[in-house]
$ cat protein_14.txt   # compact mmCIF, C-alpha atoms
# COMPACT_ATOMS: atom_id res chain seq x y z
CA MET F 19 132.12 108.48 202.18
CA ARG F 20 134.77 107.57 199.59
CA ILE F 21 135.15 110.33 197.00
CA ASN F 22 134.18 108.18 194.01
CA LYS F 23 130.96 107.07 195.74
CA TYR F 24 130.23 110.69 196.69
CA ILE F 25 130.58 111.81 193.06
CA ALA F 26 128.35 108.96 191.88
CA ALA F 27 125.76 109.64 194.57
CA ALA F 28 125.65 113.29 193.49
CA GLY F 29 124.55 112.10 190.03
CA VAL F 30 127.67 113.17 188.16
CA THR F 31 128.81 109.81 186.80
CA SER F 32 129.52 106.20 187.82
CA ARG F 33 132.15 105.26 190.43
CA ARG F 34 134.46 103.91 187.74
CA LYS F 35 134.23 107.10 185.71
CA ALA F 36 134.68 109.11 188.91
CA ASP F 37 137.99 107.31 189.50
CA GLU F 38 139.06 108.29 185.98
CA LEU F 39 138.14 111.93 186.62
CA ILE F 40 140.15 111.92 189.84
CA CYS F 41 143.21 110.40 188.18
CA ALA F 42 142.89 112.98 185.40
CA GLY F 43 143.10 115.77 187.99
CA LYS F 44 139.55 117.02 187.43
CA VAL F 45 138.37 116.71 191.04
CA GLU F 46 139.14 119.21 193.82
CA VAL F 47 138.29 119.13 197.51
CA ASN F 48 138.60 122.35 199.48
CA GLY F 49 140.79 123.82 196.75
CA VAL F 50 143.18 120.86 196.62
CA ARG F 51 143.34 118.85 193.40
CA LEU F 52 143.07 115.10 193.98
CA THR F 53 145.17 112.64 192.01
CA GLU F 54 144.24 109.38 193.77
CA PRO F 55 140.73 108.04 194.56
CA GLY F 56 141.34 107.11 198.19
CA TYR F 57 140.00 110.30 199.80
CA ASP F 58 137.04 110.10 202.21
CA VAL F 59 134.72 113.11 202.01
CA GLN F 60 134.14 114.79 205.37
CA PRO F 61 131.19 116.96 206.51
CA GLY F 62 131.75 120.51 205.29
CA ASP F 63 134.07 119.55 202.43
CA LYS F 64 133.63 121.53 199.22
CA VAL F 65 133.87 119.16 196.26
CA PHE F 66 134.32 120.33 192.68
CA VAL F 67 134.27 118.29 189.46
CA ASP F 68 135.52 120.06 186.33
CA GLY F 69 135.24 123.35 188.19
CA ASN F 70 131.59 122.81 189.18
CA ARG F 71 130.69 122.35 192.83
CA ILE F 72 128.69 119.22 193.57
CA SER F 73 126.85 118.11 196.68
CA TYR F 74 125.14 115.08 198.11
CA GLY F 75 122.75 115.45 201.01
CA GLY F 76 123.19 111.94 202.33
CA ARG F 77 119.57 110.83 201.94
CA ASP F 78 118.54 109.44 198.61
CA ALA F 79 115.13 110.14 197.13
CA TYR F 80 113.27 108.23 194.44
CA TYR F 81 110.20 109.44 192.54
CA VAL F 82 107.94 108.24 189.73
CA MET F 83 106.38 110.90 187.48
CA ASN F 84 103.94 110.93 184.60
CA LYS F 85 105.81 113.43 182.46
CA PRO F 86 103.39 115.51 180.40
CA ILE F 87 103.88 116.67 176.84
CA GLY F 88 105.27 120.19 176.71
CA CYS F 89 108.02 120.04 179.33
CA ILE F 90 111.63 118.98 179.01
CA THR F 91 113.48 116.26 180.88
CA ALA F 92 116.13 118.44 182.47
CA VAL F 93 117.07 120.10 185.73
CA SER F 94 117.06 123.58 184.17
CA ASP F 95 116.73 125.21 180.77
CA ASP F 96 118.47 128.32 179.46
CA ARG F 97 115.60 128.89 177.01
CA GLY F 98 113.03 129.27 179.76
CA ARG F 99 111.04 126.14 178.98
CA ILE F 100 109.22 124.22 181.71
CA THR F 101 111.29 121.36 183.12
CA VAL F 102 110.17 118.28 185.03
CA LEU F 103 111.64 119.79 188.21
CA ASP F 104 109.36 122.82 187.79
CA LEU F 105 106.50 120.37 188.33
CA MET F 106 107.93 119.31 191.72
CA PRO F 107 108.12 122.54 193.75
CA ASP F 108 107.49 120.81 197.08
CA VAL F 109 110.32 118.28 196.73
CA GLU F 110 113.19 119.37 198.97
CA GLU F 111 115.76 116.79 197.86
CA ARG F 112 118.13 117.53 195.00
CA VAL F 113 116.79 115.10 192.38
CA PHE F 114 117.44 114.74 188.68
CA PRO F 115 115.70 112.77 185.90
CA VAL F 116 116.86 109.25 185.07
CA GLY F 117 117.25 109.22 181.30
CA ARG F 118 114.96 111.37 179.24
CA LEU F 119 111.68 111.63 177.41
CA ASP F 120 111.32 113.98 174.45
CA TYR F 121 109.41 117.26 174.68
CA ASN F 122 106.50 115.70 172.76
CA THR F 123 106.63 112.34 174.58
CA SER F 124 104.75 111.66 177.79
CA GLY F 125 104.78 108.96 180.40
CA LEU F 126 106.79 107.22 183.08
CA LEU F 127 109.92 108.97 184.29
CA PHE F 128 112.09 108.32 187.33
CA LEU F 129 113.72 111.12 189.31
CA THR F 130 116.29 110.45 192.02
CA SER F 131 119.24 111.78 193.99
CA ASP F 132 120.97 108.39 193.75
CA GLY F 133 123.56 108.55 190.98
CA GLU F 134 124.44 104.86 191.07
CA PHE F 135 120.79 103.89 190.79
CA ALA F 136 120.40 106.18 187.79
CA HIS F 137 123.47 104.79 186.02
CA HIS F 138 122.25 101.23 186.62
CA ILE F 139 118.89 102.02 184.99
CA MET F 140 120.46 103.84 182.03
CA HIS F 141 123.48 101.64 181.37
CA PRO F 142 123.42 100.24 177.80
CA SER F 143 124.38 96.75 178.97
CA GLY F 144 121.45 96.58 181.38
CA ALA F 145 118.32 94.49 180.99
CA VAL F 146 115.76 97.02 182.15
CA ASN F 147 112.75 96.72 179.85
CA LYS F 148 110.87 99.86 178.88
CA THR F 149 107.37 99.63 177.38
CA TYR F 150 105.74 102.31 175.26
CA ARG F 151 102.23 102.88 173.95
CA VAL F 152 102.59 104.13 170.37
CA ARG F 153 100.06 105.56 167.95
CA VAL F 154 101.21 105.68 164.33
CA ALA F 155 99.55 106.93 161.18
CA GLY F 156 97.85 104.32 159.03
CA SER F 157 98.21 100.56 159.31
CA VAL F 158 101.36 98.58 160.10
CA SER F 159 101.88 95.62 157.81
CA ALA F 160 103.08 92.21 158.91
CA VAL F 161 106.35 92.85 157.08
CA LYS F 162 106.93 96.08 159.01
CA LEU F 163 106.06 94.43 162.30
CA ALA F 164 108.58 91.68 161.58
CA LYS F 165 111.28 94.27 160.89
CA LEU F 166 110.56 96.11 164.14
CA ARG F 167 110.66 92.87 166.11
CA ARG F 168 113.87 91.71 164.45
CA GLY F 169 115.72 95.04 164.72
CA VAL F 170 116.04 98.00 162.37
CA ASP F 171 118.80 100.40 161.41
CA ILE F 172 118.01 103.79 162.93
CA GLY F 173 121.05 105.52 161.53
CA GLY F 174 124.34 103.84 162.33
CA PHE F 175 122.78 101.62 164.96
CA VAL F 176 120.72 98.44 164.55
CA THR F 177 118.24 97.97 167.37
CA SER F 178 117.97 94.72 169.29
CA ARG F 179 114.94 92.48 169.10
CA ALA F 180 111.81 94.20 170.38
CA LYS F 181 108.44 92.98 171.60
CA VAL F 182 105.82 94.64 169.40
CA ASP F 183 102.08 94.01 169.86
CA VAL F 184 99.21 95.59 167.94
CA ILE F 185 96.53 96.76 170.41
CA THR F 186 93.97 98.22 168.01
CA TRP F 187 93.79 99.73 164.56
CA ASN F 188 91.52 101.41 162.04
CA ARG F 189 92.04 102.93 158.62
CA HIS F 190 93.50 106.11 160.14
CA SER F 191 95.93 104.84 162.78
CA THR F 192 97.33 101.90 164.70
CA ILE F 193 98.03 101.65 168.44
CA LEU F 194 100.84 99.34 169.51
CA GLU F 195 102.81 98.45 172.62
CA VAL F 196 106.57 98.20 172.16
CA THR F 197 109.06 96.88 174.70
CA ILE F 198 112.80 97.57 174.35
CA HIS F 199 115.75 97.51 176.75
CA GLU F 200 117.92 100.03 174.93
CA GLY F 201 117.65 103.77 175.30
CA LYS F 202 118.99 105.46 172.21
CA ASN F 203 117.94 109.04 171.60
CA ARG F 204 114.38 109.10 170.20
CA GLN F 205 114.69 105.37 169.59
CA ILE F 206 110.99 104.47 169.27
CA ARG F 207 110.29 107.34 166.89
CA ARG F 208 113.35 106.44 164.82
CA MET F 209 112.37 102.76 164.71
CA PHE F 210 108.94 103.51 163.29
CA SER F 211 110.32 106.14 160.96
CA ALA F 212 112.73 103.51 159.61
CA VAL F 213 109.78 101.35 158.49
CA GLY F 214 107.77 104.29 157.15
CA CYS F 215 105.26 104.70 160.00
CA PRO F 216 105.36 108.22 161.49
CA VAL F 217 104.59 108.35 165.21
CA GLN F 218 101.59 110.47 166.17
CA GLU F 219 101.60 109.89 169.94
CA LEU F 220 104.11 108.26 172.27
CA THR F 221 103.79 107.41 175.97
CA ARG F 222 106.11 105.32 178.13
CA ILE F 223 103.87 103.13 180.28
CA SER F 224 106.35 101.01 182.26
CA ILE F 225 109.99 100.48 183.23
CA GLY F 226 110.74 97.04 184.61
CA ASN F 227 107.64 96.14 186.57
CA ILE F 228 106.95 99.77 187.54
CA LYS F 229 103.82 100.92 185.73
CA LEU F 230 102.40 104.37 185.06
CA GLY F 231 99.21 103.36 186.85
CA HIS F 232 96.74 106.11 187.68
CA LEU F 233 99.20 109.00 187.73
CA LYS F 234 97.82 111.86 185.67
CA PRO F 235 100.14 113.99 183.49
CA GLY F 236 102.31 116.12 185.76
CA GLN F 237 101.62 114.05 188.87
CA TYR F 238 104.33 112.18 190.77
CA ARG F 239 104.75 109.93 193.78
CA LYS F 240 107.52 108.44 195.90
CA MET F 241 108.84 105.09 194.75
CA THR F 242 108.29 102.22 197.17
CA ARG F 243 111.20 100.32 198.70
CA GLY F 244 110.06 97.21 196.84
CA GLU F 245 110.15 99.06 193.53
CA ILE F 246 113.63 100.39 194.24
CA GLU F 247 114.97 96.95 195.12
CA HIS F 248 113.32 95.40 192.06
CA LEU F 249 115.03 97.87 189.74
CA ARG F 250 118.38 97.41 191.46
CA SER F 251 118.11 93.65 190.91
CA LEU F 252 117.72 93.92 187.13

$ encode --input "protein_14.txt" --output "structure tokens"
Amino acid sequence: MRINKYIAAAGVTSRRKADELICAGKVEVNGVRLTEPGYDVQPGDKVFVDGNRISYGGRDAYYVMNKPIGCITAVSDDRGRITVLDLMPDVEERVFPVGRLDYNTSGLLFLTSDGEFAHHIMHPSGAVNKTYRVRVAGSVSAVKLAKLRRGVDIGGFVTSRAKVDVITWNRHSTILEVTIHEGKNRQIRRMFSAVGCPVQELTRISIGNIKLGHLKPGQYRKMTRGEIEHLRSL
């Protein structure tokens, strides 16, 4: 396998960025620093990027999880908090989360060993829609809904147009479904904060046409081949 594809498949970065790392002298194979991206990785090779050894098992894995509140979207944590991988003790493949959900946000999360797939899903220029179920305090006026749909400044960044539908409301709170294709840090919470509507609960319910379905918090399943191909086509 070509070295840039190997690095991407290991989940480090994209092939293009891998080429840049190689040309910058940040990739070593068996103790030899590479300067050109033409190397083909052989069985038994020891590959290092920025001094860290990476590996790719050769068989990609794809999972869908309902991430619960109270765990972090990470492979490990130096503060001892529960990670999404701690919830998958029987998974033998080396997987990592695609994107992130906040500690206090639940819902649909992909985990994979396929770096290129992950970068495709997360790339800012992509058109992968993500839908969230949001509960906010109080009511949301028509003016605020129009702002959310049009795009709001969340601190140096104006969001793109969003699909925002009110599902139900009462005098205490409003439940909405919001669809965006961007993935800025804490974007949904920042969007509602920008219009003066603090988020009380937040759950991601779909990515593309992949829905949370009947997965309970903490449960996960393998992604179907059809789901994988659908996401790759977006």

$ residues_near_point --input "protein_14.txt" --point "(104.3, 116.1, 183.6)" --cutoff "9 Å" --atoms "all atoms listed in the file" --output "VMD selection string"
chain F and resid 83 to 89 101 to 102 105 124 to 125 234 to 238

$ residues_around --input "protein_14.txt" --residues "Ser224 in chain F" --least-positions-apart "2" --cutoff "12 Å" --atoms "all atoms listed in the file" --output "list in words"
Val82, Met83, Asn84, Ser124, Gly125, Leu126, Leu127, Phe128, Val146, Asn147, Lys148, Thr149, Tyr150, Arg151, Glu195, Val196, Thr197, Ile198, His199, Thr221, Arg222, Gly226, Asn227, Ile228, Lys229, Leu230, Gly231 and Leu249 of chain F

$ closest_residue --input "protein_14.txt" --among "F:Ile206, F:Ile21, F:Cys215, F:Ala27" --to "His137 in chain F" --atoms "only C-alpha atoms"
F:Ala27

$ residues_around --input "protein_14.txt" --residues "range 210-212 of chain F" --least-positions-apart "6" --cutoff "8 Å" --atoms "only C-alpha atoms" --output "ChimeraX atom specification"
/F:166,170-172

$ closest_atom_pairs --input "protein_14.txt" --of "range 128-247 of chain F" --to "range 116-121 of chain F" --cutoff "7 Å" --atoms "only C-alpha atoms" --output "CSV"
residue,atom,partner,partner_atom,distance
F:Phe128,CA,F:Val116,CA,5.4
F:Leu129,CA,F:Val116,CA,5.6
F:Ala136,CA,F:Val116,CA,5.4
F:Met140,CA,F:Gly117,CA,6.3

$ write_last_selection --input "protein_14.txt" --atoms "C-alpha atoms" --output "PDB file, keeping the file's coordinate frame"
ATOM      1  CA  PHE F 128     112.090 108.320 187.330  1.00  0.00           C
ATOM      2  CA  LEU F 129     113.720 111.120 189.310  1.00  0.00           C
ATOM      3  CA  ALA F 136     120.400 106.180 187.790  1.00  0.00           C
ATOM      4  CA  MET F 140     120.460 103.840 182.030  1.00  0.00           C
TER       5      MET F 140
END

$ atom_distance --input "protein_14.txt" --atom1 "CA of Ser191 in chain F" --atom2 "CA of Arg153 in chain F"
6.7 Å

$ residues_around --input "protein_14.txt" --residues "range 29-40 of chain F" --least-positions-apart "2" --cutoff "9 Å" --atoms "all atoms listed in the file" --output "PyMOL selection string"
chain F and resi 21-27+42-46+51-55+67-68+72+74+113-114+130-134+136-138

$ write_last_selection --input "protein_14.txt" --atoms "C-alpha atoms" --output "PDB file, in the frame of the given file"
ATOM      1  CA  ILE F  21     135.150 110.330 197.000  1.00  0.00           C
ATOM      2  CA  ASN F  22     134.180 108.180 194.010  1.00  0.00           C
ATOM      3  CA  LYS F  23     130.960 107.070 195.740  1.00  0.00           C
ATOM      4  CA  TYR F  24     130.230 110.690 196.690  1.00  0.00           C
ATOM      5  CA  ILE F  25     130.580 111.810 193.060  1.00  0.00           C
ATOM      6  CA  ALA F  26     128.350 108.960 191.880  1.00  0.00           C
ATOM      7  CA  ALA F  27     125.760 109.640 194.570  1.00  0.00           C
ATOM      8  CA  ALA F  42     142.890 112.980 185.400  1.00  0.00           C
ATOM      9  CA  GLY F  43     143.100 115.770 187.990  1.00  0.00           C
ATOM     10  CA  LYS F  44     139.550 117.020 187.430  1.00  0.00           C
ATOM     11  CA  VAL F  45     138.370 116.710 191.040  1.00  0.00           C
ATOM     12  CA  GLU F  46     139.140 119.210 193.820  1.00  0.00           C
ATOM     13  CA  ARG F  51     143.340 118.850 193.400  1.00  0.00           C
ATOM     14  CA  LEU F  52     143.070 115.100 193.980  1.00  0.00           C
ATOM     15  CA  THR F  53     145.170 112.640 192.010  1.00  0.00           C
ATOM     16  CA  GLU F  54     144.240 109.380 193.770  1.00  0.00           C
ATOM     17  CA  PRO F  55     140.730 108.040 194.560  1.00  0.00           C
ATOM     18  CA  VAL F  67     134.270 118.290 189.460  1.00  0.00           C
ATOM     19  CA  ASP F  68     135.520 120.060 186.330  1.00  0.00           C
ATOM     20  CA  ILE F  72     128.690 119.220 193.570  1.00  0.00           C
ATOM     21  CA  TYR F  74     125.140 115.080 198.110  1.00  0.00           C
ATOM     22  CA  VAL F 113     116.790 115.100 192.380  1.00  0.00           C
ATOM     23  CA  PHE F 114     117.440 114.740 188.680  1.00  0.00           C
ATOM     24  CA  THR F 130     116.290 110.450 192.020  1.00  0.00           C
ATOM     25  CA  SER F 131     119.240 111.780 193.990  1.00  0.00           C
ATOM     26  CA  ASP F 132     120.970 108.390 193.750  1.00  0.00           C
ATOM     27  CA  GLY F 133     123.560 108.550 190.980  1.00  0.00           C
ATOM     28  CA  GLU F 134     124.440 104.860 191.070  1.00  0.00           C
ATOM     29  CA  ALA F 136     120.400 106.180 187.790  1.00  0.00           C
ATOM     30  CA  HIS F 137     123.470 104.790 186.020  1.00  0.00           C
ATOM     31  CA  HIS F 138     122.250 101.230 186.620  1.00  0.00           C
TER      32      HIS F 138
END

$ atom_distance --input "protein_14.txt" --atom1 "CA of Val217 in chain F" --atom2 "CA of Ile139 in chain F"
25.2 Å

$ atom_distance --input "protein_14.txt" --atom1 "CA of Gly56 in chain F" --atom2 "CA of Arg20 in chain F"
6.7 Å

$ closest_residue --input "protein_14.txt" --among "F:Gly169, F:Gly49, F:Gly201, F:Gly156" --to "Pro216 in chain F" --atoms "all atoms listed in the file"
F:Gly156

$ residues_near_point --input "protein_14.txt" --point "(98.0, 97.8, 168.8)" --cutoff "9 Å" --atoms "all atoms listed in the file" --output "list in words"
Arg151, Val152, Arg153, Val182, Asp183, Val184, Ile185, Thr186, Trp187, Thr192, Ile193, Leu194 and Glu195 of chain F

$ axis_aligned_box --input "protein_14.txt" --around "range 228-247 of chain F" --padding-each-side "5 Å" --output "lines of an AutoDock Vina configuration file"
center_x = 105.9
center_y = 106.5
center_z = 191.1
size_x = 28.2
size_y = 29.2
size_z = 25.2

$ closest_residue --input "protein_14.txt" --among "F:Val109, F:Ala79, F:Val213, F:Lys240" --to "Val161 in chain F" --atoms "only C-alpha atoms"
F:Val213

$ decode --input "protein_14.txt" --residues "range 30-151 of chain F" --atoms "C-alpha atoms" --output "PDB file, in the first residue's frame"
ATOM      1  CA  VAL F  30      -3.932  10.170  10.929  1.00  0.00           C
ATOM      2  CA  THR F  31      -4.911  12.584   8.165  1.00  0.00           C
ATOM      3  CA  SER F  32      -5.950  12.746   4.499  1.00  0.00           C
ATOM      4  CA  ARG F  33      -3.732  11.474   1.655  1.00  0.00           C
ATOM      5  CA  ARG F  34      -2.949  15.025   0.562  1.00  0.00           C
ATOM      6  CA  LYS F  35      -1.904  16.043   4.061  1.00  0.00           C
ATOM      7  CA  ALA F  36       0.076  12.807   4.356  1.00  0.00           C
ATOM      8  CA  ASP F  37       2.058  13.808   1.263  1.00  0.00           C
ATOM      9  CA  GLU F  38       2.817  17.146   2.925  1.00  0.00           C
ATOM     10  CA  LEU F  39       4.000  15.396   6.101  1.00  0.00           C
ATOM     11  CA  ILE F  40       6.277  13.138   4.059  1.00  0.00           C
ATOM     12  CA  CYS F  41       7.790  16.042   2.132  1.00  0.00           C
ATOM     13  CA  ALA F  42       8.318  17.859   5.436  1.00  0.00           C
ATOM     14  CA  GLY F  43      10.375  14.907   6.707  1.00  0.00           C
ATOM     15  CA  LYS F  44       7.907  13.926   9.438  1.00  0.00           C
ATOM     16  CA  VAL F  45       7.413  10.310   8.337  1.00  0.00           C
ATOM     17  CA  GLU F  46       9.831   7.453   9.064  1.00  0.00           C
ATOM     18  CA  VAL F  47       9.736   3.822   7.989  1.00  0.00           C
ATOM     19  CA  ASN F  48      11.989   1.371   9.803  1.00  0.00           C
ATOM     20  CA  GLY F  49      14.076   4.250  11.117  1.00  0.00           C
ATOM     21  CA  VAL F  50      14.574   5.873   7.710  1.00  0.00           C
ATOM     22  CA  ARG F  51      13.117   9.331   7.162  1.00  0.00           C
ATOM     23  CA  LEU F  52      11.096   9.599   3.945  1.00  0.00           C
ATOM     24  CA  THR F  53      11.268  12.687   1.759  1.00  0.00           C
ATOM     25  CA  GLU F  54       9.154  11.531  -1.208  1.00  0.00           C
ATOM     26  CA  PRO F  55       5.659   9.947  -1.149  1.00  0.00           C
ATOM     27  CA  GLY F  56       6.370   7.063  -3.518  1.00  0.00           C
ATOM     28  CA  TYR F  57       7.137   4.396  -0.906  1.00  0.00           C
ATOM     29  CA  ASP F  58       4.971   1.247  -0.723  1.00  0.00           C
ATOM     30  CA  VAL F  59       4.500  -0.060   2.818  1.00  0.00           C
ATOM     31  CA  GLN F  60       5.472  -3.720   3.211  1.00  0.00           C
ATOM     32  CA  PRO F  61       4.287  -6.262   5.820  1.00  0.00           C
ATOM     33  CA  GLY F  62       6.331  -5.801   8.987  1.00  0.00           C
ATOM     34  CA  ASP F  63       7.281  -2.183   8.279  1.00  0.00           C
ATOM     35  CA  LYS F  64       7.336   0.125  11.293  1.00  0.00           C
ATOM     36  CA  VAL F  65       5.799   3.455  10.322  1.00  0.00           C
ATOM     37  CA  PHE F  66       6.118   6.599  12.429  1.00  0.00           C
ATOM     38  CA  VAL F  67       4.468   9.996  11.946  1.00  0.00           C
ATOM     39  CA  ASP F  68       5.845  12.855  14.044  1.00  0.00           C
ATOM     40  CA  GLY F  69       7.607  10.292  16.210  1.00  0.00           C
ATOM     41  CA  ASN F  70       4.440   8.282  16.912  1.00  0.00           C
ATOM     42  CA  ARG F  71       4.109   4.761  15.564  1.00  0.00           C
ATOM     43  CA  ILE F  72       0.971   4.152  13.525  1.00  0.00           C
ATOM     44  CA  SER F  73      -0.578   0.964  12.221  1.00  0.00           C
ATOM     45  CA  TYR F  74      -3.290  -0.204   9.891  1.00  0.00           C
ATOM     46  CA  GLY F  75      -4.590  -3.738  10.131  1.00  0.00           C
ATOM     47  CA  GLY F  76      -5.759  -3.964   6.541  1.00  0.00           C
ATOM     48  CA  ARG F  77      -9.443  -4.573   7.276  1.00  0.00           C
ATOM     49  CA  ASP F  78     -11.621  -1.553   7.785  1.00  0.00           C
ATOM     50  CA  ALA F  79     -14.411  -1.523  10.345  1.00  0.00           C
ATOM     51  CA  TYR F  80     -17.434   0.752  10.529  1.00  0.00           C
ATOM     52  CA  TYR F  81     -19.752   1.159  13.512  1.00  0.00           C
ATOM     53  CA  VAL F  82     -22.776   3.240  14.497  1.00  0.00           C
ATOM     54  CA  MET F  83     -23.160   4.140  18.185  1.00  0.00           C
ATOM     55  CA  ASN F  84     -25.720   5.938  20.300  1.00  0.00           C
ATOM     56  CA  LYS F  85     -23.270   7.926  22.387  1.00  0.00           C
ATOM     57  CA  PRO F  86     -24.640   8.495  25.878  1.00  0.00           C
ATOM     58  CA  ILE F  87     -24.277  11.632  27.955  1.00  0.00           C
ATOM     59  CA  GLY F  88     -21.355  11.385  30.347  1.00  0.00           C
ATOM     60  CA  CYS F  89     -18.632   9.970  28.104  1.00  0.00           C
ATOM     61  CA  ILE F  90     -16.180  11.725  25.837  1.00  0.00           C
ATOM     62  CA  THR F  91     -15.663  11.287  22.114  1.00  0.00           C
ATOM     63  CA  ALA F  92     -12.032  10.219  22.231  1.00  0.00           C
ATOM     64  CA  VAL F  93      -9.809   7.169  22.010  1.00  0.00           C
ATOM     65  CA  SER F  94      -8.342   7.764  25.478  1.00  0.00           C
ATOM     66  CA  ASP F  95      -8.416  10.369  28.228  1.00  0.00           C
ATOM     67  CA  ASP F  96      -5.614  11.418  30.562  1.00  0.00           C
ATOM     68  CA  ARG F  97      -8.190  12.545  33.140  1.00  0.00           C
ATOM     69  CA  GLY F  98      -9.663   9.082  33.515  1.00  0.00           C
ATOM     70  CA  ARG F  99     -13.071   9.863  32.031  1.00  0.00           C
ATOM     71  CA  ILE F 100     -15.078   7.212  30.193  1.00  0.00           C
ATOM     72  CA  THR F 101     -14.523   7.301  26.429  1.00  0.00           C
ATOM     73  CA  VAL F 102     -16.676   5.914  23.639  1.00  0.00           C
ATOM     74  CA  LEU F 103     -14.098   3.151  23.106  1.00  0.00           C
ATOM     75  CA  ASP F 104     -14.564   2.052  26.721  1.00  0.00           C
ATOM     76  CA  LEU F 105     -18.121   1.170  25.690  1.00  0.00           C
ATOM     77  CA  MET F 106     -16.836  -1.186  22.959  1.00  0.00           C
ATOM     78  CA  PRO F 107     -14.672  -3.736  24.811  1.00  0.00           C
ATOM     79  CA  ASP F 108     -15.475  -6.573  22.411  1.00  0.00           C
ATOM     80  CA  VAL F 109     -14.424  -4.698  19.252  1.00  0.00           C
ATOM     81  CA  GLU F 110     -11.049  -6.029  18.131  1.00  0.00           C
ATOM     82  CA  GLU F 111     -10.387  -3.550  15.323  1.00  0.00           C
ATOM     83  CA  ARG F 112      -8.528  -0.311  16.011  1.00  0.00           C
ATOM     84  CA  VAL F 113     -11.362   2.191  15.518  1.00  0.00           C
ATOM     85  CA  PHE F 114     -11.667   5.871  16.308  1.00  0.00           C
ATOM     86  CA  PRO F 115     -14.636   8.279  16.433  1.00  0.00           C
ATOM     87  CA  VAL F 116     -15.592  10.261  13.337  1.00  0.00           C
ATOM     88  CA  GLY F 117     -15.959  13.833  14.537  1.00  0.00           C
ATOM     89  CA  ARG F 118     -17.177  14.438  18.042  1.00  0.00           C
ATOM     90  CA  LEU F 119     -20.144  14.937  20.307  1.00  0.00           C
ATOM     91  CA  ASP F 120     -19.799  16.954  23.498  1.00  0.00           C
ATOM     92  CA  TYR F 121     -19.715  15.328  26.934  1.00  0.00           C
ATOM     93  CA  ASN F 122     -23.301  16.459  27.562  1.00  0.00           C
ATOM     94  CA  THR F 123     -24.562  15.642  24.047  1.00  0.00           C
ATOM     95  CA  SER F 124     -25.909  12.240  23.087  1.00  0.00           C
ATOM     96  CA  GLY F 125     -26.769  10.512  19.866  1.00  0.00           C
ATOM     97  CA  LEU F 126     -25.475   9.157  16.586  1.00  0.00           C
ATOM     98  CA  LEU F 127     -21.723   8.700  16.285  1.00  0.00           C
ATOM     99  CA  PHE F 128     -19.667   6.810  13.720  1.00  0.00           C
ATOM    100  CA  LEU F 129     -16.519   4.898  14.632  1.00  0.00           C
ATOM    101  CA  THR F 130     -14.200   3.452  12.001  1.00  0.00           C
ATOM    102  CA  SER F 131     -10.684   2.339  11.149  1.00  0.00           C
ATOM    103  CA  ASP F 132     -10.979   3.942   7.692  1.00  0.00           C
ATOM    104  CA  GLY F 133      -9.212   7.300   7.771  1.00  0.00           C
ATOM    105  CA  GLU F 134     -10.317   8.385   4.306  1.00  0.00           C
ATOM    106  CA  PHE F 135     -13.943   7.639   5.123  1.00  0.00           C
ATOM    107  CA  ALA F 136     -13.658   9.700   8.303  1.00  0.00           C
ATOM    108  CA  HIS F 137     -12.095  12.672   6.516  1.00  0.00           C
ATOM    109  CA  HIS F 138     -14.813  12.552   3.856  1.00  0.00           C
ATOM    110  CA  ILE F 139     -17.540  12.730   6.514  1.00  0.00           C
ATOM    111  CA  MET F 140     -15.841  15.521   8.462  1.00  0.00           C
ATOM    112  CA  HIS F 141     -14.519  17.660   5.619  1.00  0.00           C
ATOM    113  CA  PRO F 142     -15.926  21.224   5.801  1.00  0.00           C
ATOM    114  CA  SER F 143     -16.670  21.305   2.068  1.00  0.00           C
ATOM    115  CA  GLY F 144     -18.787  18.163   2.266  1.00  0.00           C
ATOM    116  CA  ALA F 145     -22.555  17.960   1.979  1.00  0.00           C
ATOM    117  CA  VAL F 146     -23.230  15.440   4.718  1.00  0.00           C
ATOM    118  CA  ASN F 147     -26.331  16.587   6.577  1.00  0.00           C
ATOM    119  CA  LYS F 148     -26.512  16.092  10.329  1.00  0.00           C
ATOM    120  CA  THR F 149     -29.848  16.339  12.149  1.00  0.00           C
ATOM    121  CA  TYR F 150     -30.253  17.083  15.843  1.00  0.00           C
ATOM    122  CA  ARG F 151     -33.170  16.965  18.266  1.00  0.00           C
TER     123      ARG F 151
END
